[in-house]
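Chemist: There's a structure below that I have some questions on.
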There are 6 protein chains.
Amino acid sequence: MNRSISIGKTAILLTTLSEQELKLLSPTLDNVKFCIGQVGSMNMQKVISAVETAARRNELIHSGLYRETHALYHAIMEGMEGVTRGHLAIGDMSRTVGLRFAVVRGKPFTNEGEGEWIAVAFYGTIGAPIKGSEHETVGLGINHI
Amino acid sequence: MNRSISIGKTAILLTTLSEQELKLLSPTLDNVKFCIGQVGSMNMQKVISAVETAARRNELIHSGLYRETHALYHAIMEGMEGVTRGHLAIGDMSRTVGLRFAVVRGKPFTNEGEGEWIAVAFYGTIGAPIKGSEHETVGLGINHI
Amino acid sequence: MNRSISIGKTAILLTTLSEQELKLLSPTLDNVKFCIGQVGSMNMQKVISAVETAARRNELIHSGLYRETHALYHAIMEGMEGVTRGHLAIGDMSRTVGLRFAVVRGKPFTNEGEGEWIAVAFYGTIGAPIKGSEHETVGLGINHI
Amino acid sequence: MNRSISIGKTAILLTTLSEQELKLLSPTLDNVKFCIGQVGSMNMQKVISAVETAARRNELIHSGLYRETHALYHAIMEGMEGVTRGHLAIGDMSRTVGLRFAVVRGKPFTNEGEGEWIAVAFYGTIGAPIKGSEHETVGLGINHI
Amino acid sequence: MNRSISIGKTAILLTTLSEQELKLLSPTLDNVKFCIGQVGSMNMQKVISAVETAARRNELIHSGLYRETHALYHAIMEGMEGVTRGHLAIGDMSRTVGLRFAVVRGKPFTNEGEGEWIAVAFYGTIGAPIKGSEHETVGLGINHI
Amino acid sequence: MNRSISIGKTAILLTTLSEQELKLLSPTLDNVKFCIGQVGSMNMQKVISAVETAARRNELIHSGLYRETHALYHAIMEGMEGVTRGHLAIGDMSRTVGLRFAVVRGKPFTNEGEGEWIAVAFYGTIGAPIKGSEHETVGLGINHI
């Protein structure tokens, strides 16, 4: 494959590995922009908002451009498809999520013309709103930006 | 959380990390059973079959028990929700996948009564059936077994 | 509720009860038209076709009218949503169904103006294409006709 | 089929038949645990909660074990797929449900190793939040436990 | 095709064209009943309610008959599938819609027996709840009535 | 709204209006690139392929760039959500489509930074594979490119 940087894999590792583990692996983060954050909620809007706010504050997307918001939004929703596995709903289905997320922006293809892409990864738990009644969940969305 | 082993994280790392990276991290694989495999196809049935066959051959599930097949099947389908993000279809939607997968079986909870659970992770690419016209994708399904 | 005949319940009982059990209950079938049939397949088209053919042969719908075919088709698909629970696919998801079905046409409301409605019920098994590796499944679709 | 007890059929009959009809049929309820209940709501969470509470109170599931809650939850959601036919939403889609439900736990397979399974059935009405503007609906979910 | 009046096309043009453009085209509206309206909301219920209220007030459906409400409701939901493209949710997914809608009732088939059908069309914008952060969207639902 | 050209409306009109009607309206097509085509099939892949081929041949997308194929693909699939209303399947659900499609590429926002976007519209019929047993359907997908 003509991919030089795996922005999806980078995003996944940023959410699943501890700081110590990341040091051992020391993934190449030189040629990408990224940010990480956390959100726990039964409310899908709060999850979307947490990722969008983090991406804007860390200047991963240009706040004034709808095309960048549009690209990020669809990457978030695709990542949440993996998290929710089949139904894009959290509280409505009586479940809650506790998620770490990472947004990575870079050029995953060697061909310069392919330009920048954005990856949004989620890792954490999903389950009943009762401590311990939950299992792990993961999601990844990728879009051209 | 009362989780002692993250079978989901283990499965994700087994699919995303190279052998060399796995050595650096050396995730604890002592208390779980696992297998890894690869499948490339436009056909969902082939993906399901590849994971089921690998799980059976490596004795991760008891072939003669439907309850174990049932648990694995739903974990596979939940993982494929993440891979396909919104529509459980590959070839019907003119796309192809190239996936590495891992199946991990173990006891993720400290409470013995919670018993065994199974995790199925996928990592690879999804895209048009043209070399290079694809991006990364990830999925994780977890079920009690 | 102003429902005098439960066409949905009638359809469900026609698919779930044995002949002997039906005799014990002797549900009121005087004011409805109905037919029953069976289909086993990994192919959604064959399931749809089996129900449509049975309904036409038993004159439950007027073959020459698209509006009746349209009403029946949507009732079938709604019933198959229950059977497949989340994804309207059978063979594509490596599963097979063995179904008994019933189509019931009648006037479920006391208000004459509500006219005729159609119910399509399914009862049987869904599972892996291996004998015994399956569990029960049910579906019901209802539409005005 | 190697099924000795049809827990799905039992659950369906418990929700669709009147007490009098049940007496006529007298389905074998000796080897299963079961409970029945009712819920009317535009809120999916209330439906889920009603079934979970009934199942716990009647000791159909072990409250302290997440694996049992997990098995029940997925059976409920699969049942609600049949009830809502295509979109797991009630009030968000301006509709309301009035449902009778049954939870049945038992050993549906003759092979002892297949262990216990759980069935959740729903029968009632779905429609606009206006008296009489509704039709029948059914759903069944089955899971290993 | 044996369709004499394209109620779907008529509904689409009533929502997408300006008054001036409609005059230029002067679509044949003699043999159909129709109404148009507007709704902006993050709430699916408000969208459904706006269309239902407009249809009732303009006597496009008979308020006292559930079969007509049922036909209209499913046409609305099918139209909203096009508007929301994949997930029947608006505010839950942090998005808002600004829609013009049209309901058209007529006889689209030359065969008298096919009777009346209803079309519901939507045209407008969908996007983030920020002025300008939105793009166009369209939906069309058709049902026998 | 800061939209100067409605590429979605343009695409819709190109598919729904006859040549004569288009002359009456003479929509501004100066600042956009567009192509139109037709496809009739029970096969989703053929529909996707027909649109992609037309877009490439008419140089609406740069064949050598995956980011453009990616943008177009998602616009096609979003348009097909409207056409299929709820389930991205045609033949699997025993139905066939006869569609006219239009692809429009342009700058819908006055802000130059928003760059180019692509719209894919479909208009035609969907129904049983029997002449006359079909009704109208519409879909629109829009993406940044």
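Scheme for the structure tokens: letters A, B, ... for chains in order shown; per-chain residue numbers from 1; ligand numbers from 1 in order shown.
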Contacts of Ile142 (chain A) at 8 Å or less, counting only C-alpha atoms, minus same-chain residues fewer than 3 places along, as a list in words?

Modeler: Gly8, Ala75, Glu78, Trp117, Ile118, Ala119 and Val120 of chain A; His135, Glu136 and Thr137 of chain B

Chemist: Dump N, CA and C atoms for the selected residues as a JSON list (two decimals), in the first residue's frame?

Modeler:
```json
[["chain", "number", "residue", "atom", "x", "y", "z"],
["A", 8, "GLY", "N", -4.65, 5.98, 11.32],
["A", 8, "GLY", "CA", -5.65, 5.21, 12.07],
["A", 8, "GLY", "C", -4.98, 4.44, 13.20],
["A", 75, "ALA", "N", -16.12, 11.67, 10.52],
["A", 75, "ALA", "CA", -15.13, 10.77, 11.12],
["A", 75, "ALA", "C", -15.56, 10.39, 12.54],
["A", 78, "GLU", "N", -18.47, 7.90, 12.30],
["A", 78, "GLU", "CA", -18.02, 6.57, 11.89],
["A", 78, "GLU", "C", -17.31, 5.87, 13.05],
["A", 117, "TRP", "N", -5.69, 13.84, 5.69],
["A", 117, "TRP", "CA", -6.82, 13.03, 6.14],
["A", 117, "TRP", "C", -6.91, 13.16, 7.66],
["A", 118, "ILE", "N", -8.06, 12.81, 8.20],
["A", 118, "ILE", "CA", -8.25, 12.91, 9.65],
["A", 118, "ILE", "C", -8.76, 11.57, 10.19],
["A", 119, "ALA", "N", -8.20, 11.16, 11.35],
["A", 119, "ALA", "CA", -8.64, 9.92, 11.99],
["A", 119, "ALA", "C", -9.15, 10.24, 13.39],
["A", 120, "VAL", "N", -10.27, 9.63, 13.76],
["A", 120, "VAL", "CA", -10.82, 9.77, 15.12],
["A", 120, "VAL", "C", -10.95, 8.38, 15.71],
["B", 135, "HIS", "N", -8.62, 2.97, 3.03],
["B", 135, "HIS", "CA", -8.08, 3.56, 4.26],
["B", 135, "HIS", "C", -8.24, 2.57, 5.41],
["B", 136, "GLU", "N", -7.65, 2.90, 6.56],
["B", 136, "GLU", "CA", -7.67, 1.97, 7.68],
["B", 136, "GLU", "C", -9.07, 1.80, 8.29],
["B", 137, "THR", "N", -9.25, 0.68, 8.95],
["B", 137, "THR", "CA", -10.50, 0.42, 9.63],
["B", 137, "THR", "C", -10.25, -0.50, 10.81]]
```

Chemist: Could you give me, as CSV, a per-residue list for chain C showing, wherever an atom lies at most 10 Å from an atom of chain E, the closest pair of atoms and their distance in Å to one decimal, using only C-alpha atoms and sorting by chain then residue number from low to high?

Modeler:
```
residue,atom,partner,partner_atom,distance
C:Gly64,CA,E:Gly113,CA,9.1
C:Leu65,CA,E:Glu114,CA,6.1
C:Tyr66,CA,E:Glu114,CA,6.7
C:Arg67,CA,E:Glu114,CA,5.8
C:Glu68,CA,E:Glu114,CA,8.5
C:His70,CA,E:His144,CA,7.7
C:Ala71,CA,E:His144,CA,7.6
C:Phe109,CA,E:Tyr66,CA,9.6
C:Asn111,CA,E:Leu65,CA,8.7
C:Glu112,CA,E:Leu65,CA,9.9
C:Gly113,CA,E:Leu65,CA,6.9
C:Glu114,CA,E:Arg67,CA,5.8
C:Gly115,CA,E:Arg67,CA,7.9
C:Glu116,CA,E:Arg67,CA,9.1
C:Trp117,CA,E:Arg67,CA,8.7
C:Asn143,CA,E:His70,CA,8.3
C:His144,CA,E:Arg67,CA,6.1
C:Ile145,CA,E:His144,CA,8.1
```

Chemist: Please produce a file of the residues just selected, as a compact mmCIF listing (two decimals), in the first residue's frame, where the atoms kept are N, CA and C atoms.

Modeler:
```txt
# COMPACT_ATOMS: atom_id res chain seq x y z
N GLY C 64 -53.16 -8.40 -9.62
CA GLY C 64 -53.05 -7.36 -10.65
C GLY C 64 -52.89 -5.96 -10.10
N LEU C 65 -53.01 -5.81 -8.79
CA LEU C 65 -52.93 -4.47 -8.21
C LEU C 65 -51.61 -4.26 -7.48
N TYR C 66 -50.84 -3.27 -7.92
CA TYR C 66 -49.58 -2.97 -7.27
C TYR C 66 -49.82 -2.50 -5.83
N ARG C 67 -50.90 -1.78 -5.56
CA ARG C 67 -51.11 -1.27 -4.21
C ARG C 67 -51.21 -2.43 -3.20
N GLU C 68 -51.73 -3.56 -3.63
CA GLU C 68 -51.84 -4.71 -2.72
C GLU C 68 -50.47 -5.39 -2.56
N HIS C 70 -47.68 -3.87 -2.86
CA HIS C 70 -46.91 -2.89 -2.07
C HIS C 70 -47.20 -3.05 -0.58
N ALA C 71 -48.48 -3.19 -0.24
CA ALA C 71 -48.86 -3.35 1.18
C ALA C 71 -48.28 -4.64 1.74
N PHE C 109 -60.38 -3.30 12.98
CA PHE C 109 -61.01 -2.20 13.71
C PHE C 109 -62.53 -2.27 13.58
N ASN C 111 -64.48 0.31 13.51
CA ASN C 111 -64.86 1.36 12.58
C ASN C 111 -64.71 0.85 11.15
N GLU C 112 -65.81 0.74 10.43
CA GLU C 112 -65.79 0.21 9.06
C GLU C 112 -64.82 0.97 8.16
N GLY C 113 -64.70 2.27 8.40
CA GLY C 113 -63.84 3.11 7.57
C GLY C 113 -62.38 2.72 7.60
N GLU C 114 -61.98 2.02 8.65
CA GLU C 114 -60.57 1.61 8.75
C GLU C 114 -60.23 0.52 7.73
N GLY C 115 -61.25 -0.14 7.22
CA GLY C 115 -61.05 -1.09 6.13
C GLY C 115 -60.17 -2.28 6.48
N GLU C 116 -59.57 -2.84 5.43
CA GLU C 116 -58.80 -4.06 5.59
C GLU C 116 -57.32 -3.78 5.88
N TRP C 117 -56.73 -4.69 6.67
CA TRP C 117 -55.31 -4.65 7.00
C TRP C 117 -54.74 -6.04 6.75
N ASN C 143 -49.86 -3.95 7.94
CA ASN C 143 -50.02 -2.80 7.06
C ASN C 143 -51.49 -2.66 6.66
N HIS C 144 -51.87 -1.43 6.32
CA HIS C 144 -53.22 -1.22 5.77
C HIS C 144 -53.17 -1.66 4.31
N ILE C 145 -54.28 -2.15 3.79
CA ILE C 145 -54.28 -2.66 2.42
C ILE C 145 -55.54 -2.19 1.69
```

Chemist: How many Å separate CA of Leu17 (chain F) from CA of Met77 (chain F)?

Modeler: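 CA of Met77 (chain F) lies at a distance of 22.5 Å from CA of Leu17 (chain F).
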
Chemist: I want to know what sits within 6 Å of Glu134 (chain E), based on only C-alpha atoms, with residues of the same chain fewer than 6 positions away left out; could you give that as a ChimeraX atom specification?

Modeler: /E:125-127

Chemist: Give me, as a PDB file with N, CA and C atoms, in the first residue's frame, all polymer residues having an atom no more than 10 Å from Glu81 (chain C), counting only C-alpha atoms and skipping those fewer than 4 positions away in the same chain.

Modeler:
```pdb
ATOM      1  N   ALA C  75     -45.258  -5.329   4.697  1.00  0.00           N
ATOM      2  CA  ALA C  75     -45.578  -6.169   5.857  1.00  0.00           C
ATOM      3  C   ALA C  75     -44.569  -7.312   5.973  1.00  0.00           C
ATOM      4  N   ILE C  76     -44.198  -7.897   4.842  1.00  0.00           N
ATOM      5  CA  ILE C  76     -43.192  -8.976   4.851  1.00  0.00           C
ATOM      6  C   ILE C  76     -41.860  -8.440   5.401  1.00  0.00           C
ATOM      7  N   MET C  77     -41.420  -7.309   4.859  1.00  0.00           N
ATOM      8  CA  MET C  77     -40.129  -6.766   5.280  1.00  0.00           C
ATOM      9  C   MET C  77     -40.144  -6.413   6.764  1.00  0.00           C
ATOM     10  N   ARG C  85     -33.533  -9.354  13.334  1.00  0.00           N
ATOM     11  CA  ARG C  85     -33.162  -8.511  14.476  1.00  0.00           C
ATOM     12  C   ARG C  85     -31.947  -7.600  14.246  1.00  0.00           C
ATOM     13  N   GLY C  86     -32.153  -6.595  13.408  1.00  0.00           N
ATOM     14  CA  GLY C  86     -31.123  -5.565  13.286  1.00  0.00           C
ATOM     15  C   GLY C  86     -30.483  -5.458  11.917  1.00  0.00           C
ATOM     16  N   HIS C  87     -30.443  -6.546  11.177  1.00  0.00           N
ATOM     17  CA  HIS C  87     -29.868  -6.493   9.839  1.00  0.00           C
ATOM     18  C   HIS C  87     -30.668  -7.376   8.913  1.00  0.00           C
ATOM     19  N   LEU C  88     -31.318  -6.767   7.929  1.00  0.00           N
ATOM     20  CA  LEU C  88     -32.148  -7.494   6.970  1.00  0.00           C
ATOM     21  C   LEU C  88     -31.281  -8.325   6.038  1.00  0.00           C
ATOM     22  N   ALA C  89     -30.567  -9.297   6.580  1.00  0.00           N
ATOM     23  CA  ALA C  89     -29.720 -10.148   5.756  1.00  0.00           C
ATOM     24  C   ALA C  89     -29.716 -11.544   6.362  1.00  0.00           C
ATOM     25  N   VAL C 138     -38.878 -14.844  15.643  1.00  0.00           N
ATOM     26  CA  VAL C 138     -40.263 -14.465  15.369  1.00  0.00           C
ATOM     27  C   VAL C 138     -40.290 -13.094  14.704  1.00  0.00           C
ATOM     28  N   GLY C 139     -41.290 -12.852  13.875  1.00  0.00           N
ATOM     29  CA  GLY C 139     -41.450 -11.530  13.294  1.00  0.00           C
ATOM     30  C   GLY C 139     -42.897 -11.288  12.913  1.00  0.00           C
ATOM     31  N   LEU C 140     -43.318 -10.032  12.997  1.00  0.00           N
ATOM     32  CA  LEU C 140     -44.689  -9.681  12.623  1.00  0.00           C
ATOM     33  C   LEU C 140     -44.686  -8.323  11.927  1.00  0.00           C
ATOM     34  N   GLY C 141     -45.307  -8.272  10.763  1.00  0.00           N
ATOM     35  CA  GLY C 141     -45.481  -7.006  10.058  1.00  0.00           C
ATOM     36  C   GLY C 141     -46.953  -6.774   9.805  1.00  0.00           C
TER      37      GLY C 141
ATOM     38  N   GLU D  78     -32.847  -7.269  21.083  1.00  0.00           N
ATOM     39  CA  GLU D  78     -33.246  -8.033  19.897  1.00  0.00           C
ATOM     40  C   GLU D  78     -34.771  -8.148  19.815  1.00  0.00           C
ATOM     41  N   GLU D  81     -36.097  -4.946  18.487  1.00  0.00           N
ATOM     42  CA  GLU D  81     -35.926  -4.809  17.027  1.00  0.00           C
ATOM     43  C   GLU D  81     -37.195  -5.257  16.311  1.00  0.00           C
ATOM     44  N   GLY D  82     -37.770  -6.361  16.789  1.00  0.00           N
ATOM     45  CA  GLY D  82     -39.008  -6.852  16.195  1.00  0.00           C
ATOM     46  C   GLY D  82     -40.157  -5.889  16.452  1.00  0.00           C
ATOM     47  N   VAL D  83     -40.217  -5.369  17.662  1.00  0.00           N
ATOM     48  CA  VAL D  83     -41.291  -4.445  18.041  1.00  0.00           C
ATOM     49  C   VAL D  83     -41.227  -3.161  17.211  1.00  0.00           C
ATOM     50  N   THR D  84     -40.007  -2.629  17.036  1.00  0.00           N
ATOM     51  CA  THR D  84     -39.868  -1.328  16.366  1.00  0.00           C
ATOM     52  C   THR D  84     -39.596  -1.456  14.869  1.00  0.00           C
ATOM     53  N   ARG D  85     -39.326  -2.637  14.376  1.00  0.00           N
ATOM     54  CA  ARG D  85     -39.149  -2.962  12.962  1.00  0.00           C
ATOM     55  C   ARG D  85     -38.327  -1.946  12.155  1.00  0.00           C
ATOM     56  N   GLY D  86     -37.026  -1.929  12.425  1.00  0.00           N
ATOM     57  CA  GLY D  86     -36.160  -1.142  11.556  1.00  0.00           C
ATOM     58  C   GLY D  86     -35.448   0.010  12.248  1.00  0.00           C
ATOM     59  N   HIS D  87     -36.066   0.556  13.281  1.00  0.00           N
ATOM     60  CA  HIS D  87     -35.419   1.652  14.002  1.00  0.00           C
ATOM     61  C   HIS D  87     -35.693   1.529  15.486  1.00  0.00           C
ATOM     62  N   GLY D 139     -42.107  -9.078  19.232  1.00  0.00           N
ATOM     63  CA  GLY D 139     -40.653  -9.182  19.163  1.00  0.00           C
ATOM     64  C   GLY D 139     -40.160 -10.319  20.033  1.00  0.00           C
TER      65      GLY D 139
END
```
